[in-house]
Every structure is written in structure tokens, then in C-alpha cells.
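Trainee: What follows is protein-v6.cif; its format and atoms are mmCIF, C-alpha atoms.
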data_start
loop_
_atom_site.group_PDB
_atom_site.id
_atom_site.type_symbol
_atom_site.label_atom_id
_atom_site.label_comp_id
_atom_site.auth_asym_id
_atom_site.auth_seq_id
_atom_site.Cartn_x
_atom_site.Cartn_y
_atom_site.Cartn_z
ATOM 1 C CA ASP A 84 139.070 -145.185 -33.636
ATOM 2 C CA ALA A 85 137.528 -145.175 -30.160
ATOM 3 C CA LYS A 86 135.892 -142.044 -28.785
ATOM 4 C CA THR A 87 137.508 -140.166 -25.893
ATOM 5 C CA THR A 88 136.007 -137.984 -23.173
ATOM 6 C CA GLN A 89 137.970 -135.258 -21.392
ATOM 7 C CA PRO A 90 137.019 -132.498 -18.953
ATOM 8 C CA THR A 91 136.561 -129.152 -20.653
ATOM 9 C CA SER A 92 138.970 -127.275 -18.426
ATOM 10 C CA MET A 93 141.250 -127.620 -15.417
ATOM 11 C CA ASP A 94 143.388 -125.356 -13.278
ATOM 12 C CA CYS A 95 146.707 -126.236 -11.716
ATOM 13 C CA ALA A 96 149.020 -124.269 -9.424
ATOM 14 C CA GLU A 97 152.498 -123.619 -10.763
ATOM 15 C CA GLY A 98 154.989 -126.187 -9.492
ATOM 16 C CA ARG A 99 152.331 -128.762 -8.684
ATOM 17 C CA ALA A 100 151.557 -131.891 -10.666
ATOM 18 C CA ALA A 101 148.879 -131.555 -13.330
ATOM 19 C CA ASN A 102 146.808 -134.714 -13.755
ATOM 20 C CA LEU A 103 144.694 -134.739 -16.901
ATOM 21 C CA PRO A 104 142.167 -137.588 -17.186
ATOM 22 C CA CYS A 105 140.812 -139.206 -20.316
ATOM 23 C CA ASN A 106 138.078 -141.810 -20.663
ATOM 24 C CA HIS A 107 138.184 -144.226 -23.590
ATOM 25 C CA SER A 108 135.868 -146.995 -22.445
ATOM 26 C CA THR A 109 135.375 -148.437 -25.963
ATOM 27 C CA ILE A 110 139.084 -148.796 -26.686
ATOM 28 C CA SER A 111 140.089 -151.930 -28.580
ATOM 29 C CA GLY A 112 143.058 -154.167 -27.892
ATOM 30 C CA ASN A 113 145.090 -152.814 -30.797
ATOM 31 C CA GLU A 114 144.476 -149.120 -30.062
ATOM 32 C CA TYR A 115 147.070 -146.792 -28.599
ATOM 33 C CA VAL A 116 146.455 -143.721 -26.461
ATOM 34 C CA TYR A 117 148.167 -140.579 -27.764
ATOM 35 C CA TRP A 118 148.463 -137.170 -26.136
ATOM 36 C CA TYR A 119 149.077 -133.893 -27.927
ATOM 37 C CA ARG A 120 148.861 -130.327 -26.718
ATOM 38 C CA GLN A 121 148.343 -127.008 -28.416
ATOM 39 C CA ILE A 122 149.757 -123.893 -26.839
ATOM 40 C CA HIS A 123 147.893 -120.772 -27.908
ATOM 41 C CA SER A 124 148.388 -119.953 -31.604
ATOM 42 C CA GLN A 125 150.990 -122.698 -32.095
ATOM 43 C CA GLY A 126 150.882 -126.026 -33.894
ATOM 44 C CA PRO A 127 149.979 -129.110 -31.847
ATOM 45 C CA GLN A 128 152.875 -130.770 -30.091
ATOM 46 C CA TYR A 129 153.246 -134.514 -29.574
ATOM 47 C CA ILE A 130 153.660 -135.418 -25.886
ATOM 48 C CA ILE A 131 153.532 -139.160 -25.345
ATOM 49 C CA HIS A 132 151.734 -142.364 -26.302
ATOM 50 C CA GLY A 133 151.178 -145.827 -24.831
ATOM 51 C CA LEU A 134 149.386 -149.128 -25.289
ATOM 52 C CA LYS A 135 148.950 -150.679 -21.852
ATOM 53 C CA ASN A 136 152.102 -150.099 -19.830
ATOM 54 C CA ASN A 137 152.777 -146.808 -18.102
ATOM 55 C CA GLU A 138 155.098 -144.582 -20.077
ATOM 56 C CA THR A 139 157.386 -141.717 -19.112
ATOM 57 C CA ASN A 140 159.476 -139.296 -21.134
ATOM 58 C CA GLU A 141 161.074 -135.928 -20.561
ATOM 59 C CA MET A 142 157.766 -134.130 -20.881
ATOM 60 C CA ALA A 143 155.228 -136.250 -19.032
ATOM 61 C CA SER A 144 154.053 -139.584 -17.697
ATOM 62 C CA LEU A 145 151.127 -141.593 -19.011
ATOM 63 C CA ILE A 146 149.245 -143.878 -16.648
ATOM 64 C CA ILE A 147 146.834 -146.334 -18.298
ATOM 65 C CA THR A 148 144.418 -148.312 -16.122
ATOM 66 C CA GLU A 149 144.624 -152.082 -16.185
ATOM 67 C CA ASP A 150 141.347 -152.391 -18.114
ATOM 68 C CA ARG A 151 142.616 -149.649 -20.486
ATOM 69 C CA LYS A 152 139.323 -147.790 -20.295
ATOM 70 C CA SER A 153 140.908 -144.627 -18.987
ATOM 71 C CA SER A 154 144.266 -142.921 -18.700
ATOM 72 C CA THR A 155 145.885 -139.951 -17.001
ATOM 73 C CA LEU A 156 148.530 -137.635 -18.376
ATOM 74 C CA ILE A 157 150.766 -136.297 -15.623
ATOM 75 C CA LEU A 158 152.897 -133.180 -15.906
ATOM 76 C CA PRO A 159 154.994 -133.582 -12.733
ATOM 77 C CA HIS A 160 155.867 -129.925 -12.109
ATOM 78 C CA ALA A 161 153.598 -127.681 -14.131
ATOM 79 C CA THR A 162 154.910 -124.322 -15.291
ATOM 80 C CA LEU A 163 153.118 -121.356 -16.801
ATOM 81 C CA ARG A 164 154.355 -122.509 -20.205
ATOM 82 C CA ASP A 165 152.313 -125.702 -19.842
ATOM 83 C CA THR A 166 149.110 -123.682 -20.198
ATOM 84 C CA ALA A 167 147.533 -125.228 -23.312
ATOM 85 C CA VAL A 168 144.732 -127.380 -24.674
ATOM 86 C CA TYR A 169 145.561 -131.064 -24.163
ATOM 87 C CA TYR A 170 144.138 -133.675 -26.533
ATOM 88 C CA CYS A 171 143.756 -137.378 -25.792
ATOM 89 C CA ILE A 172 143.487 -139.398 -29.021
ATOM 90 C CA VAL A 173 143.007 -143.135 -29.531
ATOM 91 C CA ARG A 174 144.439 -144.703 -32.685
ATOM 92 C CA ALA A 175 144.572 -148.245 -33.969
ATOM 93 C CA LEU A 176 147.935 -149.855 -34.667
ATOM 94 C CA ASN A 177 146.845 -151.098 -38.070
ATOM 95 C CA SER A 178 145.622 -147.672 -39.142
ATOM 96 C CA GLY A 179 149.083 -146.854 -40.431
ATOM 97 C CA ASN A 180 149.825 -143.209 -40.941
ATOM 98 C CA THR A 181 146.209 -142.109 -40.724
ATOM 99 C CA PRO A 182 145.112 -138.596 -39.793
ATOM 100 C CA LEU A 183 144.588 -137.576 -36.197
ATOM 101 C CA VAL A 184 141.042 -136.924 -35.013
ATOM 102 C CA PHE A 185 141.055 -134.093 -32.497
ATOM 103 C CA GLY A 186 138.232 -133.665 -30.004
ATOM 104 C CA LYS A 187 137.702 -130.585 -27.871
ATOM 105 C CA GLY A 188 140.461 -131.469 -25.409
ATOM 106 C CA THR A 189 141.067 -130.095 -21.921
ATOM 107 C CA ARG A 190 142.086 -126.481 -21.499
ATOM 108 C CA LEU A 191 144.715 -126.501 -18.746
ATOM 109 C CA SER A 192 145.446 -123.203 -17.032
ATOM 110 C CA VAL A 193 148.571 -123.137 -14.870
ATOM 111 C CA ILE A 194 148.246 -120.412 -12.278
ATOM 112 C CA ALA A 195 151.122 -118.608 -10.557
ATOM 113 C CA ASN B 192 167.176 -131.045 -37.061
ATOM 114 C CA ALA B 193 164.789 -128.600 -38.613
ATOM 115 C CA GLY B 194 161.160 -129.166 -37.752
ATOM 116 C CA VAL B 195 158.181 -128.883 -40.061
ATOM 117 C CA MET B 196 158.337 -125.553 -41.832
ATOM 118 C CA GLN B 197 155.389 -123.597 -43.123
ATOM 119 C CA ASN B 198 155.267 -120.372 -45.036
ATOM 120 C CA PRO B 199 154.062 -117.819 -45.069
ATOM 121 C CA ARG B 200 153.195 -117.576 -41.385
ATOM 122 C CA HIS B 201 150.565 -114.943 -42.097
ATOM 123 C CA LEU B 202 148.716 -114.398 -45.353
ATOM 124 C CA VAL B 203 146.139 -111.767 -46.172
ATOM 125 C CA ARG B 204 144.007 -112.145 -49.279
ATOM 126 C CA ARG B 205 141.021 -110.289 -50.648
ATOM 127 C CA ARG B 206 137.898 -112.205 -51.516
ATOM 128 C CA GLY B 207 138.291 -113.895 -54.894
ATOM 129 C CA GLN B 208 142.084 -114.113 -54.798
ATOM 130 C CA GLU B 209 144.118 -117.298 -54.585
ATOM 131 C CA ALA B 210 146.006 -118.459 -51.499
ATOM 132 C CA ARG B 211 149.021 -120.776 -51.664
ATOM 133 C CA LEU B 212 150.300 -122.328 -48.457
ATOM 134 C CA ARG B 213 153.566 -124.235 -48.377
ATOM 135 C CA CYS B 214 154.786 -126.979 -46.093
ATOM 136 C CA SER B 215 158.226 -128.584 -45.914
ATOM 137 C CA PRO B 216 158.158 -131.802 -43.869
ATOM 138 C CA MET B 217 160.832 -132.862 -41.423
ATOM 139 C CA LYS B 218 163.884 -134.535 -42.904
ATOM 140 C CA GLY B 219 163.196 -138.200 -43.570
ATOM 141 C CA HIS B 220 159.413 -137.757 -43.493
ATOM 142 C CA SER B 221 157.451 -138.552 -46.629
ATOM 143 C CA HIS B 222 153.900 -138.290 -45.257
ATOM 144 C CA VAL B 223 152.231 -134.885 -45.079
ATOM 145 C CA TYR B 224 148.881 -133.935 -43.563
ATOM 146 C CA TRP B 225 146.971 -130.680 -43.694
ATOM 147 C CA TYR B 226 144.592 -129.605 -40.936
ATOM 148 C CA ARG B 227 142.444 -126.510 -40.601
ATOM 149 C CA GLN B 228 141.463 -124.722 -37.403
ATOM 150 C CA LEU B 229 138.655 -122.226 -37.671
ATOM 151 C CA PRO B 230 138.528 -119.476 -35.033
ATOM 152 C CA GLU B 231 137.586 -120.877 -31.618
ATOM 153 C CA GLU B 232 137.219 -124.404 -33.018
ATOM 154 C CA GLY B 233 139.228 -127.626 -32.976
ATOM 155 C CA LEU B 234 141.577 -128.945 -35.619
ATOM 156 C CA LYS B 235 139.976 -130.732 -38.544
ATOM 157 C CA PHE B 236 141.781 -133.007 -40.958
ATOM 158 C CA MET B 237 141.752 -131.947 -44.585
ATOM 159 C CA VAL B 238 144.097 -134.061 -46.706
ATOM 160 C CA TYR B 239 146.860 -136.674 -46.416
ATOM 161 C CA LEU B 240 149.567 -136.957 -49.055
ATOM 162 C CA GLN B 241 152.666 -138.926 -49.820
ATOM 163 C CA LYS B 242 155.139 -137.923 -52.499
ATOM 164 C CA GLU B 243 153.192 -137.443 -55.752
ATOM 165 C CA ASN B 244 150.085 -139.132 -54.318
ATOM 166 C CA ILE B 245 146.945 -138.014 -52.522
ATOM 167 C CA ILE B 246 146.097 -140.780 -50.058
ATOM 168 C CA ASP B 247 143.015 -139.333 -48.337
ATOM 169 C CA GLU B 248 141.264 -136.079 -49.163
ATOM 170 C CA SER B 249 138.032 -136.837 -47.336
ATOM 171 C CA GLY B 250 138.266 -133.699 -45.214
ATOM 172 C CA MET B 251 138.894 -131.256 -48.008
ATOM 173 C CA PRO B 252 136.070 -129.159 -49.486
ATOM 174 C CA LYS B 253 135.194 -130.396 -52.970
ATOM 175 C CA GLU B 254 135.509 -127.018 -54.614
ATOM 176 C CA ARG B 255 138.268 -124.407 -54.655
ATOM 177 C CA PHE B 256 140.688 -126.445 -52.528
ATOM 178 C CA SER B 257 143.524 -128.593 -53.868
ATOM 179 C CA ALA B 258 146.742 -130.052 -52.517
ATOM 180 C CA GLU B 259 149.888 -131.526 -53.946
ATOM 181 C CA PHE B 260 153.166 -132.969 -52.732
ATOM 182 C CA PRO B 261 155.543 -133.127 -55.694
ATOM 183 C CA LYS B 262 158.600 -135.329 -55.968
ATOM 184 C CA GLU B 263 160.767 -132.292 -55.318
ATOM 185 C CA GLY B 264 159.835 -129.345 -53.172
ATOM 186 C CA PRO B 265 157.273 -128.588 -50.506
ATOM 187 C CA SER B 266 153.664 -129.627 -50.249
ATOM 188 C CA ILE B 267 151.254 -126.938 -51.440
ATOM 189 C CA LEU B 268 147.705 -126.296 -50.255
ATOM 190 C CA ARG B 269 145.950 -124.092 -52.776
ATOM 191 C CA ILE B 270 142.701 -122.238 -52.196
ATOM 192 C CA GLN B 271 141.159 -120.582 -55.210
ATOM 193 C CA GLN B 272 138.708 -117.688 -55.065
ATOM 194 C CA VAL B 273 138.968 -117.331 -51.302
ATOM 195 C CA VAL B 274 135.943 -116.327 -49.241
ATOM 196 C CA ARG B 275 135.754 -114.916 -45.717
ATOM 197 C CA GLY B 276 134.886 -118.357 -44.348
ATOM 198 C CA ASP B 277 138.324 -119.608 -45.415
ATOM 199 C CA SER B 278 139.930 -117.412 -42.738
ATOM 200 C CA ALA B 279 141.585 -119.886 -40.403
ATOM 201 C CA ALA B 280 144.871 -121.326 -39.230
ATOM 202 C CA TYR B 281 146.166 -124.047 -41.537
ATOM 203 C CA PHE B 282 148.559 -126.537 -39.999
ATOM 204 C CA CYS B 283 150.756 -129.036 -41.754
ATOM 205 C CA ALA B 284 152.121 -132.161 -40.077
ATOM 206 C CA SER B 285 154.554 -134.815 -41.242
ATOM 207 C CA SER B 286 155.403 -138.363 -40.229
ATOM 208 C CA ARG B 287 157.751 -141.154 -41.254
ATOM 209 C CA ARG B 288 157.306 -143.582 -44.116
ATOM 210 C CA ASP B 289 157.549 -146.887 -42.241
ATOM 211 C CA ARG B 290 154.691 -149.145 -41.284
ATOM 212 C CA GLY B 291 152.925 -148.840 -37.972
ATOM 213 C CA LEU B 292 151.996 -145.825 -35.968
ATOM 214 C CA TYR B 293 154.273 -142.832 -35.887
ATOM 215 C CA GLU B 294 153.654 -139.561 -34.205
ATOM 216 C CA GLN B 295 152.917 -136.569 -36.375
ATOM 217 C CA TYR B 296 154.964 -133.426 -35.997
ATOM 218 C CA PHE B 297 153.242 -130.141 -36.683
ATOM 219 C CA GLY B 298 154.467 -126.929 -38.182
ATOM 220 C CA PRO B 299 153.748 -123.464 -36.750
ATOM 221 C CA GLY B 300 150.803 -122.919 -39.093
ATOM 222 C CA THR B 301 149.772 -120.328 -41.648
ATOM 223 C CA ARG B 302 147.143 -117.853 -40.566
ATOM 224 C CA LEU B 303 145.001 -116.897 -43.511
ATOM 225 C CA THR B 304 142.889 -113.778 -43.278
ATOM 226 C CA VAL B 305 140.421 -113.027 -46.056
ATOM 227 C CA THR B 306 139.275 -109.428 -46.216
#
Kindly transcribe the structure held in the file into C-alpha cells.
Mentor:
Amino acid sequence: DAKTTQPTSMDCAEGRAANLPCNHSTISGNEYVYWYRQIHSQGPQYIIHGLKNNETNEMASLIITEDRKSSTLILPHATLRDTAVYYCIVRALNSGNTPLVFGKGTRLSVIA
Amino acid sequence: NAGVMQNPRHLVRRRGQEARLRCSPMKGHSHVYWYRQLPEEGLKFMVYLQKENIIDESGMPKERFSAEFPKEGPSILRIQQVVRGDSAAYFCASSRRDRGLYEQYFGPGTRLTVT
């Protein structure tokens, strides 16, 4: 699976959009971009995933650049409960149900 | 729909004792994964199981650690003769059986403390 690079930490004001970037410049054509987050002391939580089109669900939006070398996770109206470590993970379609490889992620602090 | 369940949530063991951690996957899920998170570190994969089969145990220490997922009942992660370095949060995740990529859903974790 391709390597990802994320900023170590970010701050965001409550109520504003949180934009979390991820670089995956070596991504292959059959690799998806997945986002998970881990709120302090809890199990990781699946957020969203995409291949090349932008995706949106009830939690977030995922914007993938046309060349697919980077992506941005957007939390449209961040709340204090969104404070967590956010992980960007790239996985190949033909890898089946393979384990997730977690990097260091981005520690997002939402500030009142 | 019940999520992934893990018990106990907290476990305290003295050095040399055995620790047994249990994981019940989500309904309809037949793939189980165990991950370990040492204090102030990221999550590391340990073992991947399907019913009655170990698919990938490349992340599991060769000694003292074992895992099973029987035909009936929860998946068990067993640590024999625990040492202080085994103190960590152990997370279980489950996913569906079909082909392709499916997201993994995590349980709340078991926090093991070895005294």
C-alpha cells in the first residue's frame, strides 16, 4: 500500500470547517483513500473512503485531487467532539480484507 | 445493531499471569482483526482471523501470544506469562466476508495493565 504523509497537528475553531490534508503521491490506480479517526481512549472510527470522485456522507466530505496524489478530509462544522487523531490510509482494491496500516495521523484540536 | 464488543474493558494482571481478551464481531461479520496500541504510540496490527482460521499473524509476537476465532463464540486473544511491556490497549475490529474492500469497525478496546 502507498505511503501517506499528514501534518502532525492542526487547530480549528469550533463551528468552522476543519480541512485535513493528506499526501499520497505514490498512490496506484487501484488504491482507495480511507479516513479513520481515534477519539481519546476509544477505538478508531471509520469516516469515509474514496477512489477518485469526491465523496460526502453524514460525517465528512473527501476531496481527492485529479491526479490523486493528495486528498483533503473536510469536517464542515467542527465541534469539540471532533477533537481526535485523524488517519489517512491508502489500500489496494485487490488486497481484500487486509489489515489497516496506521501512520501517526494528524491530531486535530477543536477550540471553543 | 450492536457494534463490535470487547470484554473486559479493563484488565489488571500481575507479571507471569495469563490475560484473555474477548471480541465479538458485528452481526454478519466473519473477519476479525486484533491491533495493539502501546502508550503514546500508534495502532499496530497483530493478527487477522476468519472463523476457525488464522489468515495473517505477521504482527503477533512469536512467543506467549495466541489468537483464535472458533466456529461458535467470540474471538480470543491470549497472552501467557504477561510482562510489563504487554501493558497496552488492545483493539478488535471486524469486517464483512465478501470480496473487495470493506471498512473495519472497531470495538472500544481492552486496556491491559500489568503490575
Trainee: For Tyr281 (chain B), which of B:Arg213, B:His222, B:Arg255, B:Lys242 is the closest residue, counting all atoms listed in the file?
Mentor: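 Smallest distance to Tyr281 (chain B) is found for B:Arg213.
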Trainee: Specify as a VMD selection string each residue included when the PyMOL selection byres ((chain B and resi 210) around 12) is applied to this file.
Mentor: chain B and resid 198 to 199 201 to 209 211 to 213 255 to 258 267 to 274 277 to 278 281 301 to 305
Trainee: Check what the PyMOL selection byres ((chain B) within 12 of (chain A)) selects in the file above and give those residues as a compact mmCIF listing (two decimals) with C-alpha atoms, in the coordinates of the input.
Mentor:
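Output (part_39.txt):
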# COMPACT_ATOMS: atom_id res chain seq x y z
CA GLY B 194 161.16 -129.17 -37.75
CA VAL B 195 158.18 -128.88 -40.06
CA MET B 196 158.34 -125.55 -41.83
CA GLN B 197 155.39 -123.60 -43.12
CA ARG B 200 153.20 -117.58 -41.38
CA HIS B 201 150.56 -114.94 -42.10
CA HIS B 220 159.41 -137.76 -43.49
CA SER B 221 157.45 -138.55 -46.63
CA HIS B 222 153.90 -138.29 -45.26
CA VAL B 223 152.23 -134.88 -45.08
CA TYR B 224 148.88 -133.94 -43.56
CA TRP B 225 146.97 -130.68 -43.69
CA TYR B 226 144.59 -129.60 -40.94
CA ARG B 227 142.44 -126.51 -40.60
CA GLN B 228 141.46 -124.72 -37.40
CA LEU B 229 138.66 -122.23 -37.67
CA PRO B 230 138.53 -119.48 -35.03
CA GLU B 231 137.59 -120.88 -31.62
CA GLU B 232 137.22 -124.40 -33.02
CA GLY B 233 139.23 -127.63 -32.98
CA LEU B 234 141.58 -128.94 -35.62
CA LYS B 235 139.98 -130.73 -38.54
CA PHE B 236 141.78 -133.01 -40.96
CA MET B 237 141.75 -131.95 -44.58
CA VAL B 238 144.10 -134.06 -46.71
CA TYR B 239 146.86 -136.67 -46.42
CA LEU B 240 149.57 -136.96 -49.06
CA GLN B 241 152.67 -138.93 -49.82
CA ILE B 246 146.10 -140.78 -50.06
CA ASP B 247 143.01 -139.33 -48.34
CA GLU B 248 141.26 -136.08 -49.16
CA SER B 249 138.03 -136.84 -47.34
CA GLY B 250 138.27 -133.70 -45.21
CA ALA B 279 141.58 -119.89 -40.40
CA ALA B 280 144.87 -121.33 -39.23
CA TYR B 281 146.17 -124.05 -41.54
CA PHE B 282 148.56 -126.54 -40.00
CA CYS B 283 150.76 -129.04 -41.75
CA ALA B 284 152.12 -132.16 -40.08
CA SER B 285 154.55 -134.82 -41.24
CA SER B 286 155.40 -138.36 -40.23
CA ARG B 287 157.75 -141.15 -41.25
CA ARG B 288 157.31 -143.58 -44.12
CA ASP B 289 157.55 -146.89 -42.24
CA ARG B 290 154.69 -149.15 -41.28
CA GLY B 291 152.93 -148.84 -37.97
CA LEU B 292 152.00 -145.82 -35.97
CA TYR B 293 154.27 -142.83 -35.89
CA GLU B 294 153.65 -139.56 -34.20
CA GLN B 295 152.92 -136.57 -36.38
CA TYR B 296 154.96 -133.43 -36.00
CA PHE B 297 153.24 -130.14 -36.68
CA GLY B 298 154.47 -126.93 -38.18
CA PRO B 299 153.75 -123.46 -36.75
CA GLY B 300 150.80 -122.92 -39.09
CA THR B 301 149.77 -120.33 -41.65
CA ARG B 302 147.14 -117.85 -40.57
Trainee: How many Å lie between CA of Gln89 (chain A) and CA of Glu149 (chain A), rounded to one decimal?
Mentor: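 CA of Glu149 (chain A) lies 18.8 Å from CA of Gln89 (chain A).
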Trainee: Care to translate the PyMOL selection byres ((chain A and resi 157) around 7) into actual residues of this file, as number ranges by chain?
Mentor: A: 100-103, 143-145, 155-156, 158-159
Trainee: By how many Å are CA of Ser266 (chain B) and CA of Met217 (chain B) apart?
Mentor: 11.8 Å
Trainee: Excluding Cys95 (chain A) and residues on its chain fewer than 3 positions from it, collect all residues at most 7 Å away from it, counting only C-alpha atoms, and give them as a PDB file with C-alpha atoms, in the coordinates of the input.
Mentor:
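Everything below was put into around.pdb:
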ATOM      1  CA  ARG A  99     152.331-128.762  -8.684  1.00  0.00           C
ATOM      2  CA  ALA A 101     148.879-131.555 -13.330  1.00  0.00           C
ATOM      3  CA  SER A 192     145.446-123.203 -17.032  1.00  0.00           C
ATOM      4  CA  VAL A 193     148.571-123.137 -14.870  1.00  0.00           C
ATOM      5  CA  ILE A 194     148.246-120.412 -12.278  1.00  0.00           C
TER       6      ILE A 194
END
Trainee: Report as a list in words all protein, DNA and RNA residues lying within 9 Å of Leu163 (chain A), evaluated on all atoms listed in the file, omitting residues in the same chain fewer than 2 positions from it.
Mentor: Ala96, Glu97, Gly98, Ala161, Asp165, Thr166, Ser192, Val193, Ile194 and Ala195 of chain A
Trainee: From the list A:Val116, A:Cys105, A:Cys171, A:Leu191, which residue is nearest Glu138 (chain A) when using all atoms listed in the file?
Mentor: A:Val116
Trainee: Rounded to one decimal, what separation in Å do you get between CA of Ile110 (chain A) and CA of Asp150 (chain A)?
Mentor: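 Computing it gives 9.6 Å between the two atoms.
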Trainee: Which is closest to Gly133 (chain A) among A:Ala167, A:Asp94, A:Val173, A:Ser108, if we use only C-alpha atoms?
Mentor: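 Of A:Ala167, A:Asp94, A:Val173, A:Ser108, the one nearest Gly133 (chain A) is A:Val173, counting only C-alpha atoms.
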Trainee: Find, counting all atoms listed in the file, the residue in A:Lys152, A:Tyr169, A:Asn113, A:Ile122 that gets nearest to Leu134 (chain A).
Mentor: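 Of A:Lys152, A:Tyr169, A:Asn113, A:Ile122, the one nearest Leu134 (chain A) is A:Asn113, counting all atoms listed in the file.
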Trainee: How about completing region 229-245 of chain B with N, CA and C atoms and giving it to me as an mmCIF file, in the coordinates of the input?
Mentor:
data_model
loop_
_atom_site.group_PDB
_atom_site.id
_atom_site.type_symbol
_atom_site.label_atom_id
_atom_site.label_comp_id
_atom_site.auth_asym_id
_atom_site.auth_seq_id
_atom_site.Cartn_x
_atom_site.Cartn_y
_atom_site.Cartn_z
ATOM 1 N N LEU B 229 139.436 -123.449 -37.606
ATOM 2 C CA LEU B 229 138.655 -122.226 -37.671
ATOM 3 C C LEU B 229 138.709 -121.529 -36.326
ATOM 4 N N PRO B 230 138.460 -120.221 -36.294
ATOM 5 C CA PRO B 230 138.528 -119.476 -35.033
ATOM 6 C C PRO B 230 137.677 -120.115 -33.942
ATOM 7 N N GLU B 231 138.263 -120.318 -32.795
ATOM 8 C CA GLU B 231 137.586 -120.877 -31.618
ATOM 9 C C GLU B 231 137.065 -122.293 -31.840
ATOM 10 N N GLU B 232 137.645 -123.023 -32.785
ATOM 11 C CA GLU B 232 137.219 -124.404 -33.018
ATOM 12 C C GLU B 232 138.423 -125.339 -32.968
ATOM 13 N N GLY B 233 138.148 -126.637 -33.007
ATOM 14 C CA GLY B 233 139.228 -127.626 -32.976
ATOM 15 C C GLY B 233 139.837 -127.846 -34.341
ATOM 16 N N LEU B 234 140.900 -128.623 -34.361
ATOM 17 C CA LEU B 234 141.577 -128.945 -35.619
ATOM 18 C C LEU B 234 140.798 -130.004 -36.385
ATOM 19 N N LYS B 235 140.679 -129.777 -37.679
ATOM 20 C CA LYS B 235 139.976 -130.732 -38.544
ATOM 21 C C LYS B 235 140.901 -131.151 -39.676
ATOM 22 N N PHE B 236 140.962 -132.454 -39.885
ATOM 23 C CA PHE B 236 141.781 -133.007 -40.958
ATOM 24 C C PHE B 236 141.239 -132.583 -42.318
ATOM 25 N N MET B 237 142.160 -132.293 -43.224
ATOM 26 C CA MET B 237 141.752 -131.947 -44.585
ATOM 27 C C MET B 237 142.233 -132.992 -45.595
ATOM 28 N N VAL B 238 143.550 -133.206 -45.657
ATOM 29 C CA VAL B 238 144.097 -134.061 -46.706
ATOM 30 C C VAL B 238 145.397 -134.688 -46.230
ATOM 31 N N TYR B 239 145.660 -135.914 -46.760
ATOM 32 C CA TYR B 239 146.860 -136.674 -46.416
ATOM 33 C C TYR B 239 147.542 -137.041 -47.728
ATOM 34 N N LEU B 240 148.832 -136.718 -47.813
ATOM 35 C CA LEU B 240 149.567 -136.957 -49.055
ATOM 36 C C LEU B 240 150.882 -137.666 -48.782
ATOM 37 N N GLN B 241 151.290 -138.463 -49.738
ATOM 38 C CA GLN B 241 152.666 -138.926 -49.820
ATOM 39 C C GLN B 241 153.235 -138.318 -51.095
ATOM 40 N N LYS B 242 154.505 -138.503 -51.313
ATOM 41 C CA LYS B 242 155.139 -137.923 -52.499
ATOM 42 C C LYS B 242 154.352 -138.306 -53.761
ATOM 43 N N GLU B 243 153.880 -137.307 -54.466
ATOM 44 C CA GLU B 243 153.192 -137.443 -55.752
ATOM 45 C C GLU B 243 151.863 -138.189 -55.658
ATOM 46 N N ASN B 244 151.357 -138.415 -54.460
ATOM 47 C CA ASN B 244 150.085 -139.132 -54.318
ATOM 48 C C ASN B 244 149.210 -138.497 -53.249
ATOM 49 N N ILE B 245 147.925 -138.387 -53.537
ATOM 50 C CA ILE B 245 146.945 -138.014 -52.522
ATOM 51 C C ILE B 245 146.363 -139.306 -51.967
#
